[in-house]
$ cat work10.pdb   # PDB, C-alpha atoms and all ligand atoms
ATOM      1  CA  MET D   1      47.304  35.009  30.241
ATOM      2  CA  GLU D   2      44.638  35.378  27.551
ATOM      3  CA  PRO D   3      44.866  37.596  24.418
ATOM      4  CA  LEU D   4      44.382  41.234  25.499
ATOM      5  CA  VAL D   5      42.117  43.689  23.687
ATOM      6  CA  PHE D   6      42.332  47.316  24.810
ATOM      7  CA  GLN D   7      39.881  50.204  24.708
ATOM      8  CA  PRO D   8      40.958  52.461  21.834
ATOM      9  CA  LEU D   9      42.114  55.916  22.969
ATOM     10  CA  ILE D  10      40.571  58.263  20.401
ATOM     11  CA  LYS D  11      42.315  61.613  19.854
ATOM     12  CA  GLN D  12      40.579  64.515  18.134
ATOM     13  CA  ILE D  13      42.956  66.799  16.216
ATOM     14  CA  ARG D  14      42.080  69.326  13.519
ATOM     15  CA  TRP D  15      43.451  67.139  10.680
ATOM     16  CA  GLY D  16      41.310  64.104  11.575
ATOM     17  CA  GLY D  17      38.166  62.763   9.941
ATOM     18  CA  ARG D  18      35.546  60.053  10.392
ATOM     19  CA  ARG D  19      37.148  56.928   8.909
ATOM     20  CA  LEU D  20      38.323  55.631  12.306
ATOM     21  CA  GLY D  21      34.599  55.043  12.868
ATOM     22  CA  THR D  22      33.230  54.408   9.376
ATOM     23  CA  VAL D  23      36.044  52.126   8.174
ATOM     24  CA  LEU D  24      37.739  50.812  11.323
ATOM     25  CA  GLN D  25      34.648  50.618  13.571
ATOM     26  CA  LYS D  26      36.080  52.707  16.406
ATOM     27  CA  PRO D  27      33.613  54.379  18.811
ATOM     28  CA  ILE D  28      33.417  57.971  17.521
ATOM     29  CA  GLY D  29      30.826  60.700  18.045
ATOM     30  CA  ASP D  30      29.383  63.317  15.692
ATOM     31  CA  ALA D  31      32.494  65.469  15.193
ATOM     32  CA  ALA D  32      34.627  65.572  12.041
ATOM     33  CA  ASP D  33      38.112  65.487  13.550
ATOM     34  CA  TYR D  34      38.841  61.962  14.814
ATOM     35  CA  ALA D  35      42.569  61.775  14.054
ATOM     36  CA  GLU D  36      44.225  58.976  16.022
ATOM     37  CA  SER D  37      43.167  55.769  17.699
ATOM     38  CA  TRP D  38      45.847  54.658  20.141
ATOM     39  CA  GLU D  39      45.544  50.883  20.132
ATOM     40  CA  VAL D  40      48.438  49.908  22.397
ATOM     41  CA  ALA D  41      49.937  52.756  24.418
ATOM     42  CA  ASP D  42      51.932  53.225  27.596
ATOM     43  CA  GLN D  43      52.425  56.975  27.827
ATOM     44  CA  PRO D  44      51.839  59.183  30.875
ATOM     45  CA  ASP D  45      49.028  60.906  28.920
ATOM     46  CA  GLY D  46      47.686  57.774  27.265
ATOM     47  CA  ARG D  47      47.650  54.342  28.859
ATOM     48  CA  SER D  48      45.831  51.426  27.261
ATOM     49  CA  ILE D  49      43.127  49.827  29.441
ATOM     50  CA  VAL D  50      41.981  46.233  28.875
ATOM     51  CA  ALA D  51      38.454  46.293  27.420
ATOM     52  CA  SER D  52      37.089  42.925  28.528
ATOM     53  CA  GLY D  53      37.856  39.531  30.067
ATOM     54  CA  THR D  54      39.816  38.574  33.188
ATOM     55  CA  TYR D  55      41.853  41.810  33.216
ATOM     56  CA  ALA D  56      39.097  44.274  32.226
ATOM     57  CA  GLY D  57      39.855  47.722  33.640
ATOM     58  CA  ARG D  58      43.553  47.052  34.234
ATOM     59  CA  SER D  59      46.096  49.145  32.355
ATOM     60  CA  LEU D  60      48.830  47.660  30.210
ATOM     61  CA  HIS D  61      51.272  49.465  32.530
ATOM     62  CA  GLU D  62      49.818  47.701  35.607
ATOM     63  CA  LEU D  63      49.818  44.300  33.924
ATOM     64  CA  MET D  64      53.503  44.692  33.049
ATOM     65  CA  LYS D  65      54.200  45.131  36.782
ATOM     66  CA  LEU D  66      51.798  42.426  38.005
ATOM     67  CA  HIS D  67      52.588  39.713  35.425
ATOM     68  CA  PRO D  68      55.948  40.566  33.835
ATOM     69  CA  ALA D  69      56.917  37.000  32.909
ATOM     70  CA  GLU D  70      53.560  36.005  31.390
ATOM     71  CA  LEU D  71      53.040  39.236  29.493
ATOM     72  CA  MET D  72      56.575  40.180  28.457
ATOM     73  CA  GLY D  73      58.571  36.915  28.560
ATOM     74  CA  ARG D  74      62.178  37.630  27.621
ATOM     75  CA  HIS D  75      61.433  41.381  27.924
ATOM     76  CA  ALA D  76      60.116  41.061  31.509
ATOM     77  CA  SER D  77      62.598  43.640  32.841
ATOM     78  CA  LEU D  78      61.084  46.512  30.790
ATOM     79  CA  THR D  79      59.176  49.069  32.861
ATOM     80  CA  GLN D  80      57.429  50.729  29.907
ATOM     81  CA  PHE D  81      55.851  48.945  26.957
ATOM     82  CA  PRO D  82      58.342  49.516  24.110
ATOM     83  CA  LEU D  83      55.905  50.176  21.244
ATOM     84  CA  LEU D  84      53.122  52.631  20.512
ATOM     85  CA  ILE D  85      50.535  51.347  18.032
ATOM     86  CA  LYS D  86      47.953  53.592  16.357
ATOM     87  CA  PHE D  87      45.543  54.019  13.491
ATOM     88  CA  LEU D  88      45.568  57.505  11.913
ATOM     89  CA  ASP D  89      43.059  59.255   9.639
ATOM     90  CA  ALA D  90      44.804  62.210   7.963
ATOM     91  CA  ASN D  91      42.601  64.671   6.081
ATOM     92  CA  ASP D  92      44.978  67.595   5.839
ATOM     93  CA  TRP D  93      48.765  67.959   5.891
ATOM     94  CA  LEU D  94      50.196  67.179   9.299
ATOM     95  CA  SER D  95      52.988  69.504  10.338
ATOM     96  CA  LEU D  96      56.404  68.693   8.919
ATOM     97  CA  GLN D  97      58.327  67.065  11.744
ATOM     98  CA  VAL D  98      61.329  65.094  12.865
ATOM     99  CA  HIS D  99      61.995  62.851  15.873
ATOM    100  CA  PRO D 100      65.336  62.423  17.689
ATOM    101  CA  ASN D 101      67.074  59.066  18.015
ATOM    102  CA  ASP D 102      67.619  57.448  21.450
ATOM    103  CA  GLN D 103      70.945  59.189  22.104
ATOM    104  CA  GLN D 104      69.531  62.610  21.178
ATOM    105  CA  ALA D 105      66.223  62.095  23.039
ATOM    106  CA  VAL D 106      67.800  61.897  26.507
ATOM    107  CA  ARG D 107      69.357  65.321  25.979
ATOM    108  CA  TYR D 108      65.851  66.795  25.849
ATOM    109  CA  ASN D 109      64.269  64.552  28.484
ATOM    110  CA  PRO D 110      66.159  61.837  30.408
ATOM    111  CA  ASP D 111      63.009  59.665  30.484
ATOM    112  CA  GLU D 112      62.294  59.827  26.761
ATOM    113  CA  ASN D 113      63.138  57.526  23.878
ATOM    114  CA  GLY D 114      63.860  58.305  20.283
ATOM    115  CA  LYS D 115      61.154  57.597  17.770
ATOM    116  CA  THR D 116      61.553  55.357  14.781
ATOM    117  CA  GLU D 117      58.212  54.696  13.100
ATOM    118  CA  ALA D 118      56.589  52.855  10.218
ATOM    119  CA  TRP D 119      53.366  53.427   8.306
ATOM    120  CA  VAL D 120      51.211  50.847   6.573
ATOM    121  CA  ILE D 121      48.730  52.588   4.293
ATOM    122  CA  LEU D 122      45.162  51.228   4.457
ATOM    123  CA  ASP D 123      43.465  53.736   2.198
ATOM    124  CA  ALA D 124      44.510  56.801   0.196
ATOM    125  CA  GLN D 125      43.038  59.208  -2.340
ATOM    126  CA  PRO D 126      44.470  59.043  -5.884
ATOM    127  CA  ASP D 127      46.405  62.281  -5.218
ATOM    128  CA  SER D 128      47.508  61.504  -1.630
ATOM    129  CA  GLN D 129      51.125  62.321  -0.859
ATOM    130  CA  ILE D 130      53.563  62.070   2.000
ATOM    131  CA  CYS D 131      56.897  63.683   2.734
ATOM    132  CA  ALA D 132      59.542  61.072   3.551
ATOM    133  CA  GLY D 133      63.023  62.491   3.826
ATOM    134  CA  LEU D 134      64.719  65.235   1.839
ATOM    135  CA  LYS D 135      65.811  65.434  -1.760
ATOM    136  CA  GLN D 136      69.236  63.927  -2.360
ATOM    137  CA  GLY D 137      72.092  66.207  -1.334
ATOM    138  CA  VAL D 138      70.163  68.842   0.635
ATOM    139  CA  THR D 139      72.523  70.179   3.311
ATOM    140  CA  ARG D 140      71.701  71.623   6.703
ATOM    141  CA  GLU D 141      72.620  75.094   5.419
ATOM    142  CA  GLN D 142      70.399  74.822   2.334
ATOM    143  CA  PHE D 143      67.549  73.400   4.370
ATOM    144  CA  ALA D 144      67.769  76.187   6.970
ATOM    145  CA  HIS D 145      67.907  78.781   4.193
ATOM    146  CA  HIS D 146      64.764  77.410   2.461
ATOM    147  CA  LEU D 147      62.990  77.175   5.810
ATOM    148  CA  ALA D 148      63.763  80.819   6.554
ATOM    149  CA  ASP D 149      62.610  82.145   3.177
ATOM    150  CA  GLY D 150      59.422  80.063   2.924
ATOM    151  CA  THR D 151      60.538  77.742   0.102
ATOM    152  CA  ILE D 152      61.057  74.623   2.205
ATOM    153  CA  GLU D 153      58.817  72.543  -0.073
ATOM    154  CA  GLU D 154      61.551  72.634  -2.763
ATOM    155  CA  THR D 155      63.782  70.494  -0.520
ATOM    156  CA  LEU D 156      61.253  67.808   0.467
ATOM    157  CA  HIS D 157      60.937  64.316  -0.956
ATOM    158  CA  LEU D 158      57.177  64.258  -1.673
ATOM    159  CA  ILE D 159      55.810  60.974  -3.017
ATOM    160  CA  PRO D 160      52.392  59.515  -3.812
ATOM    161  CA  VAL D 161      51.205  56.575  -1.675
ATOM    162  CA  LYS D 162      48.493  53.971  -2.165
ATOM    163  CA  ALA D 163      46.796  51.284  -0.082
ATOM    164  CA  GLY D 164      49.267  48.521   0.785
ATOM    165  CA  ASP D 165      52.393  50.710   0.774
ATOM    166  CA  CYS D 166      54.649  50.529   3.829
ATOM    167  CA  VAL D 167      56.993  53.414   4.586
ATOM    168  CA  PHE D 168      59.743  52.994   7.165
ATOM    169  CA  VAL D 169      60.693  56.298   8.818
ATOM    170  CA  PRO D 170      63.790  55.995  11.031
ATOM    171  CA  ALA D 171      64.383  58.604  13.732
ATOM    172  CA  GLN D 172      66.086  61.737  12.293
ATOM    173  CA  THR D 173      64.028  61.641   9.057
ATOM    174  CA  VAL D 174      61.985  64.727   8.151
ATOM    175  CA  HIS D 175      58.421  63.558   7.433
ATOM    176  CA  ALA D 176      54.740  64.478   7.105
ATOM    177  CA  LEU D 177      51.474  62.817   6.136
ATOM    178  CA  GLY D 178      49.242  64.407   3.543
ATOM    179  CA  PRO D 179      45.447  64.470   3.122
ATOM    180  CA  GLY D 180      43.340  61.402   2.333
ATOM    181  CA  ILE D 181      45.475  58.789   4.088
ATOM    182  CA  LEU D 182      44.219  56.154   6.537
ATOM    183  CA  LEU D 183      47.039  54.117   8.040
ATOM    184  CA  ALA D 184      48.375  51.856  10.763
ATOM    185  CA  GLU D 185      51.387  53.233  12.600
ATOM    186  CA  VAL D 186      54.009  51.349  14.611
ATOM    187  CA  GLN D 187      56.499  53.405  16.588
ATOM    188  CA  GLN D 188      58.809  53.453  19.552
ATOM    189  CA  GLN D 189      57.022  54.462  22.759
ATOM    190  CA  SER D 190      57.983  58.132  22.680
ATOM    191  CA  ASN D 191      56.349  61.509  22.649
ATOM    192  CA  LEU D 192      59.231  63.618  21.370
ATOM    193  CA  THR D 193      58.350  65.453  18.179
ATOM    194  CA  PHE D 194      59.955  68.581  16.782
ATOM    195  CA  ARG D 195      57.816  70.591  14.386
ATOM    196  CA  LEU D 196      59.634  72.272  11.538
ATOM    197  CA  TYR D 197      56.988  73.834   9.401
ATOM    198  CA  ASP D 198      53.197  74.035   9.319
ATOM    199  CA  TRP D 199      52.627  74.713   5.608
ATOM    200  CA  GLY D 200      52.012  78.415   6.292
ATOM    201  CA  ARG D 201      48.886  77.777   8.361
ATOM    202  CA  VAL D 202      47.769  79.436  11.579
ATOM    203  CA  GLY D 203      46.276  77.826  14.704
ATOM    204  CA  SER D 204      42.780  78.420  16.102
ATOM    205  CA  ASP D 205      44.094  81.616  17.743
ATOM    206  CA  GLY D 206      45.069  83.053  14.347
ATOM    207  CA  LYS D 207      48.794  82.766  15.061
ATOM    208  CA  PRO D 208      51.298  80.375  13.485
ATOM    209  CA  ARG D 209      51.824  77.332  15.692
ATOM    210  CA  GLU D 210      55.085  76.938  17.555
ATOM    211  CA  VAL D 211      57.939  75.411  15.577
ATOM    212  CA  HIS D 212      61.216  74.022  16.923
ATOM    213  CA  VAL D 213      63.712  74.933  14.232
ATOM    214  CA  GLU D 214      66.994  74.558  16.126
ATOM    215  CA  GLN D 215      66.039  71.222  17.711
ATOM    216  CA  SER D 216      64.762  69.953  14.359
ATOM    217  CA  LEU D 217      67.951  70.875  12.525
ATOM    218  CA  ASP D 218      70.067  69.305  15.284
ATOM    219  CA  CYS D 219      68.061  66.038  15.123
ATOM    220  CA  THR D 220      67.907  65.658  11.347
ATOM    221  CA  ASP D 221      70.265  63.304   9.561
ATOM    222  CA  PHE D 222      71.131  65.256   6.417
ATOM    223  CA  THR D 223      72.946  62.266   4.916
ATOM    224  CA  ARG D 224      69.773  60.182   4.722
ATOM    225  CA  GLY D 225      68.209  61.683   1.591
ATOM    226  CA  PRO D 226      64.905  60.437   0.165
ATOM    227  CA  VAL D 227      62.938  57.560   1.721
ATOM    228  CA  ASN D 228      60.680  55.390  -0.453
ATOM    229  CA  PRO D 229      58.094  52.687   0.314
ATOM    230  CA  VAL D 230      59.667  49.338   1.217
ATOM    231  CA  THR D 231      59.903  46.385  -1.169
ATOM    232  CA  PRO D 232      58.971  43.491   1.118
ATOM    233  CA  ASP D 233      60.477  40.002   1.124
ATOM    234  CA  GLN D 234      57.687  37.527   0.591
ATOM    235  CA  THR D 235      57.224  33.867   1.551
ATOM    236  CA  ARG D 236      54.245  31.792   0.540
ATOM    237  CA  SER D 237      52.853  28.493   1.728
ATOM    238  CA  GLY D 238      49.570  27.457   0.105
ATOM    239  CA  ASP D 239      47.232  30.464   0.247
ATOM    240  CA  HIS D 240      49.143  32.040   3.172
ATOM    241  CA  THR D 241      51.548  34.813   2.212
ATOM    242  CA  VAL D 242      53.864  36.495   4.709
ATOM    243  CA  GLU D 243      55.614  39.730   3.780
ATOM    244  CA  SER D 244      58.409  41.048   5.951
ATOM    245  CA  LEU D 245      57.731  44.808   5.804
ATOM    246  CA  VAL D 246      60.156  46.096   8.439
ATOM    247  CA  GLU D 247      62.975  44.625  10.484
ATOM    248  CA  CYS D 248      64.732  47.243  12.591
ATOM    249  CA  ASP D 249      66.281  47.449  16.066
ATOM    250  CA  TYR D 250      62.923  48.367  17.623
ATOM    251  CA  PHE D 251      60.259  46.310  15.859
ATOM    252  CA  CYS D 252      59.503  43.833  13.110
ATOM    253  CA  ILE D 253      56.324  44.020  11.034
ATOM    254  CA  HIS D 254      55.027  41.049   9.076
ATOM    255  CA  ARG D 255      51.910  41.203   6.905
ATOM    256  CA  HIS D 256      49.881  38.004   6.563
ATOM    257  CA  THR D 257      47.386  37.448   3.736
ATOM    258  CA  ALA D 258      45.319  34.247   3.942
ATOM    259  CA  THR D 259      41.927  32.631   3.433
ATOM    260  CA  ASN D 260      42.616  29.469   5.465
ATOM    261  CA  PRO D 261      43.705  29.094   9.121
ATOM    262  CA  PHE D 262      47.385  29.585   9.914
ATOM    263  CA  CYS D 263      49.594  29.610  12.974
ATOM    264  CA  ILE D 264      51.748  32.393  14.450
ATOM    265  CA  PRO D 265      54.425  31.128  16.854
ATOM    266  CA  VAL D 266      54.803  33.206  20.038
ATOM    267  CA  ASP D 267      58.354  32.494  21.213
ATOM    268  CA  ASP D 268      58.515  34.088  24.676
ATOM    269  CA  ARG D 269      57.882  37.551  23.151
ATOM    270  CA  PHE D 270      54.641  39.497  22.875
ATOM    271  CA  ARG D 271      52.944  39.713  19.497
ATOM    272  CA  ILE D 272      50.579  42.506  18.417
ATOM    273  CA  LEU D 273      48.066  41.671  15.697
ATOM    274  CA  MET D 274      46.155  44.348  13.738
ATOM    275  CA  LEU D 275      43.415  43.199  11.412
ATOM    276  CA  LEU D 276      43.405  45.389   8.290
ATOM    277  CA  GLN D 277      40.899  43.441   6.211
ATOM    278  CA  GLY D 278      38.390  40.628   6.807
ATOM    279  CA  SER D 279      37.457  39.072  10.140
ATOM    280  CA  ALA D 280      39.072  36.336  12.209
ATOM    281  CA  THR D 281      39.228  34.380  15.433
ATOM    282  CA  VAL D 282      42.588  34.260  17.210
ATOM    283  CA  LYS D 283      43.056  31.444  19.674
ATOM    284  CA  THR D 284      45.904  30.675  22.058
ATOM    285  CA  GLY D 285      46.146  27.991  24.753
ATOM    286  CA  PHE D 286      44.739  30.583  27.221
ATOM    287  CA  GLY D 287      41.797  32.146  25.391
ATOM    288  CA  ALA D 288      40.468  33.595  22.175
ATOM    289  CA  ALA D 289      39.609  36.965  20.619
ATOM    290  CA  GLU D 290      37.280  37.856  17.757
ATOM    291  CA  LEU D 291      38.848  40.340  15.366
ATOM    292  CA  LYS D 292      37.098  42.544  12.833
ATOM    293  CA  ARG D 293      38.571  45.187  10.536
ATOM    294  CA  GLY D 294      40.400  47.688  12.749
ATOM    295  CA  SER D 295      40.813  45.319  15.738
ATOM    296  CA  THR D 296      44.129  45.097  17.564
ATOM    297  CA  VAL D 297      45.029  42.338  20.010
ATOM    298  CA  LEU D 298      48.109  41.842  22.189
ATOM    299  CA  LEU D 299      49.197  38.227  22.572
ATOM    300  CA  PRO D 300      51.143  37.825  25.830
ATOM    301  CA  ALA D 301      54.583  36.205  25.594
ATOM    302  CA  CYS D 302      53.245  33.067  27.347
ATOM    303  CA  SER D 303      50.758  32.406  24.513
ATOM    304  CA  ILE D 304      53.072  29.784  22.920
ATOM    305  CA  ASP D 305      51.180  29.613  19.611
ATOM    306  CA  ALA D 306      48.312  31.564  18.121
ATOM    307  CA  GLU D 307      45.940  30.023  15.622
ATOM    308  CA  VAL D 308      44.328  32.569  13.302
ATOM    309  CA  THR D 309      41.114  31.438  11.596
ATOM    310  CA  PRO D 310      39.630  33.733   8.952
ATOM    311  CA  THR D 311      35.857  33.894   9.436
ATOM    312  CA  GLY D 312      35.002  35.668   6.203
ATOM    313  CA  SER D 313      36.815  36.104   2.931
ATOM    314  CA  SER D 314      40.538  36.783   2.633
ATOM    315  CA  LEU D 315      42.161  38.542   5.580
ATOM    316  CA  ILE D 316      45.102  40.908   5.870
ATOM    317  CA  LEU D 317      46.758  40.932   9.284
ATOM    318  CA  LEU D 318      49.769  42.824  10.598
ATOM    319  CA  GLU D 319      51.978  41.049  13.122
ATOM    320  CA  VAL D 320      54.274  43.306  15.165
ATOM    321  CA  PHE D 321      56.973  42.080  17.520
ATOM    322  CA  HIS D 322      60.260  42.981  19.144
ATOM    323  CA  PRO D 323      63.295  41.815  17.129
ATOM    324  CA  ALA D 324      65.502  40.713  20.039
TER     325      ALA D 324
HETATM  326 ZN    ZN D 401      56.328  61.120  13.273
END
$ encode --input "work10.pdb" --output "structure tokens" --more "lines below"
Ligand SMILES: [Zn+2]
Amino acid sequence: MEPLVFQPLIKQIRWGGRRLGTVLQKPIGDAADYAESWEVADQPDGRSIVASGTYAGRSLHELMKLHPAELMGRHASLTQFPLLIKFLDANDWLSLQVHPNDQQAVRYNPDENGKTEAWVILDAQPDSQICAGLKQGVTREQFAHHLADGTIEETLHLIPVKAGDCVFVPAQTVHALGPGILLAEVQQQSNLTFRLYDWGRVGSDGKPREVHVEQSLDCTDFTRGPVNPVTPDQTRSGDHTVESLVECDYFCIHRHTATNPFCIPVDDRFRILMLLQGSATVKTGFGAAELKRGSTVLLPACSIDAEVTPTGSSLILLEVFHPA
């Protein structure tokens, strides 16, 4: 099975912008609110469709059923693709939110998963900030009190971010993205989000948007405290640097920086590659894909090895895979 490139699923939301098109070359129109590009998705309301080649028009979901061994290898028994991969363009504060873990998720919906996620920042304004966790020592009671009296911001761990930062956000962590941030997002395939606070704003109908205070408080881990950008382990061979950004139960993220060709082994597990800078050709024994900035490709588990050849100057490539 050849490398699979999917049609991006573009979502317009009020906090979006235009950088999915202007920077990442996604097909956008004339509006100003392009917020998310779902690159690899297997949700009831968003299923990735192969864009070209032998499997053009087929969904990822169908291919998992038709070719489980080739596509998924050691994960052939899965019935839903385990990861959701996106680019996001945030131009306003997103609502403050929290996601349940796997055990909590099934209490709300037996078919749902928890959501652990990670962000790799591609671009940010000098004053861009995120919320990642709570200040040290904030208890459920204090948090609920500040939420009720409109002073929630005093409890949040707000930090500046810049291009290149990676922030790992485990399930049960209160979080939000601030304005000016373009990023790649890797998360568990899940659609369970509880909104805590919307920064005092109202929706298009003039009313505050719905918040889920009880569920949010029940799902938050108040022992976690502040979360800061990761300090990656780095290995270097010649001009090829590999940084291990995240290794968790759900996904691993490596970041490759290189100017010369290098090889990515595909050991009976799928690999997802996201090109963040430069351009490249990716070749397996079964086919090839041309990548430009903003391209995502899924290498089926049967790919054996992938050879990545930069076709311009230095490239930056994310490699995402399942840890087990
Ligand atoms: Zn989230």
$ closest_residue --input "work10.pdb" --among "D:Phe168, D:Phe270, D:Phe222, D:Trp38" --to "ligand ZN 401 (chain D)" --atoms "all atoms listed in the file"
D:Phe168
$ closest_atom_pairs --input "work10.pdb" --of "chain D" --to "ligand ZN 401 (chain D)" --cutoff "8 Å" --atoms "all atoms listed in the file" --output "CSV"
residue,atom,partner,partner_atom,distance
D:Gln97,CA,D:ZN401,ZN,6.5
D:Val98,CA,D:ZN401,ZN,6.4
D:His99,CA,D:ZN401,ZN,6.5
D:Lys115,CA,D:ZN401,ZN,7.5
D:Thr116,CA,D:ZN401,ZN,7.9
D:Glu117,CA,D:ZN401,ZN,6.7
D:Val169,CA,D:ZN401,ZN,7.9
D:His175,CA,D:ZN401,ZN,6.7
D:Ala176,CA,D:ZN401,ZN,7.2
D:Thr193,CA,D:ZN401,ZN,6.9
$ closest_atom_pairs --input "work10.pdb" --of "range 32-97 of chain D" --to "range 253-269 of chain D" --cutoff "7 Å" --atoms "only C-alpha atoms" --output "CSV"
residue,atom,partner,partner_atom,distance
D:Met72,CA,D:Arg269,CA,6.1
D:Gly73,CA,D:Asp268,CA,4.8
D:Arg74,CA,D:Asp268,CA,5.9
$ residues_around --input "work10.pdb" --residues "Phe251 in chain D" --least-positions-apart "5" --cutoff "8 Å" --atoms "only C-alpha atoms" --output "PDB file with C-alpha atoms, keeping the file's coordinate frame"
ATOM      1  CA  LEU D  83      55.905  50.176  21.244  1.00  0.00           C
ATOM      2  CA  VAL D 246      60.156  46.096   8.439  1.00  0.00           C
ATOM      3  CA  VAL D 320      54.274  43.306  15.165  1.00  0.00           C
ATOM      4  CA  PHE D 321      56.973  42.080  17.520  1.00  0.00           C
ATOM      5  CA  HIS D 322      60.260  42.981  19.144  1.00  0.00           C
ATOM      6  CA  PRO D 323      63.295  41.815  17.129  1.00  0.00           C
TER       7      PRO D 323
END
$ closest_residue --input "work10.pdb" --among "D:Leu177, D:Val202, D:Ala118, D:Ala306" --to "Gly285 in chain D" --atoms "all atoms listed in the file"
D:Ala306
$ closest_residue --input "work10.pdb" --among "D:Gln12, D:Gln234, D:Asn191, D:Asn228" --to "Asn109 in chain D" --atoms "all atoms listed in the file"
D:Asn191
$ residues_around --input "work10.pdb" --residues "Pro179 in chain D" --least-positions-apart "3" --cutoff "8 Å" --atoms "all atoms listed in the file" --output "PyMOL selection string"
chain D and resi 90-93+125+128-129
$ residues_near_point --input "work10.pdb" --point "(64.5, 71.5, 6.2)" --cutoff "8 Å" --atoms "only C-alpha atoms" --output "number ranges by chain"
D: 134, 140, 142-144, 146-147, 152, 155-156, 174, 196, 217
$ resolve_selection --input "work10.pdb" --expression "the PyMOL selection byres (((chain D and resi 120) around 7) and not hetatm)" --output "PyMOL selection string"
chain D and resi 118-119+121-122+164-167+183-185
$ atom_distance --input "work10.pdb" --atom1 "CA of Pro68 in chain D" --atom2 "CA of Val106 in chain D"
25.5 Å
$ closest_residue --input "work10.pdb" --among "D:Leu66, D:Leu60, D:Gln80, D:Val5" --to "Val282 in chain D" --atoms "all atoms listed in the file"
D:Val5
$ resolve_selection --input "work10.pdb" --expression "the PyMOL selection byres (((chain D and resi 219) around 10) and not hetatm)" --output "compact mmCIF listing (two decimals) with C-alpha atoms, keeping the file's coordinate frame"
# COMPACT_ATOMS: atom_id res chain seq x y z
CA VAL D 98 61.33 65.09 12.86
CA HIS D 99 62.00 62.85 15.87
CA PRO D 100 65.34 62.42 17.69
CA ASN D 101 67.07 59.07 18.02
CA GLN D 104 69.53 62.61 21.18
CA ALA D 105 66.22 62.10 23.04
CA ALA D 171 64.38 58.60 13.73
CA GLN D 172 66.09 61.74 12.29
CA THR D 173 64.03 61.64 9.06
CA VAL D 174 61.98 64.73 8.15
CA PHE D 194 59.96 68.58 16.78
CA VAL D 213 63.71 74.93 14.23
CA GLU D 214 66.99 74.56 16.13
CA GLN D 215 66.04 71.22 17.71
CA SER D 216 64.76 69.95 14.36
CA LEU D 217 67.95 70.88 12.52
CA ASP D 218 70.07 69.31 15.28
CA THR D 220 67.91 65.66 11.35
CA ASP D 221 70.26 63.30 9.56
CA PHE D 222 71.13 65.26 6.42
$ resolve_selection --input "work10.pdb" --expression "the PyMOL selection byres (((chain D and resi 137) around 8) and not hetatm)" --output "short mmCIF file (atom, residue, chain, number, x, y, z; two decimals) with C-alpha atoms, in the frame of the given file"
data_model
loop_
_atom_site.label_atom_id
_atom_site.label_comp_id
_atom_site.auth_asym_id
_atom_site.auth_seq_id
_atom_site.Cartn_x
_atom_site.Cartn_y
_atom_site.Cartn_z
CA LYS D 135 65.81 65.43 -1.76
CA GLN D 136 69.24 63.93 -2.36
CA VAL D 138 70.16 68.84 0.64
CA THR D 139 72.52 70.18 3.31
CA PHE D 222 71.13 65.26 6.42
CA THR D 223 72.95 62.27 4.92
CA GLY D 225 68.21 61.68 1.59
#
$ closest_residue --input "work10.pdb" --among "D:Pro82, D:Thr281, D:Leu276, D:Trp199" --to "Val211 in chain D" --atoms "only C-alpha atoms"
D:Trp199
$ axis_aligned_box --input "work10.pdb" --around "range 47-63 of chain D" --padding-each-side "6 Å" --output "lines of an AutoDock Vina configuration file"
center_x = 44.2
center_y = 46.5
center_z = 31.4
size_x = 26.2
size_y = 27.8
size_z = 20.3
$ build_atoms --input "work10.pdb" --residues "range 187-196 of chain D" --atoms "N, CA and C atoms" --output "compact mmCIF listing (two decimals), in the coordinates of the input"
# COMPACT_ATOMS: atom_id res chain seq x y z
N GLN D 187 55.38 52.53 16.24
CA GLN D 187 56.50 53.40 16.59
C GLN D 187 57.04 53.07 17.97
N GLN D 188 58.26 53.55 18.21
CA GLN D 188 58.81 53.45 19.55
C GLN D 188 57.90 54.23 20.50
N GLN D 189 57.84 53.77 21.74
CA GLN D 189 57.02 54.46 22.76
C GLN D 189 57.73 55.77 23.11
N SER D 190 57.30 56.85 22.51
CA SER D 190 57.98 58.13 22.68
C SER D 190 57.01 59.24 22.34
N ASN D 191 57.23 60.39 22.95
CA ASN D 191 56.35 61.51 22.65
C ASN D 191 57.16 62.73 22.24
N LEU D 192 58.36 62.50 21.73
CA LEU D 192 59.23 63.62 21.37
C LEU D 192 59.13 63.91 19.87
N THR D 193 58.52 65.04 19.57
CA THR D 193 58.35 65.45 18.18
C THR D 193 58.80 66.90 18.06
N PHE D 194 59.59 67.19 17.05
CA PHE D 194 59.96 68.58 16.78
C PHE D 194 59.32 69.01 15.47
N ARG D 195 58.55 70.10 15.54
CA ARG D 195 57.82 70.59 14.39
C ARG D 195 58.67 71.62 13.66
N LEU D 196 58.77 71.43 12.36
CA LEU D 196 59.63 72.27 11.54
C LEU D 196 58.87 73.35 10.80
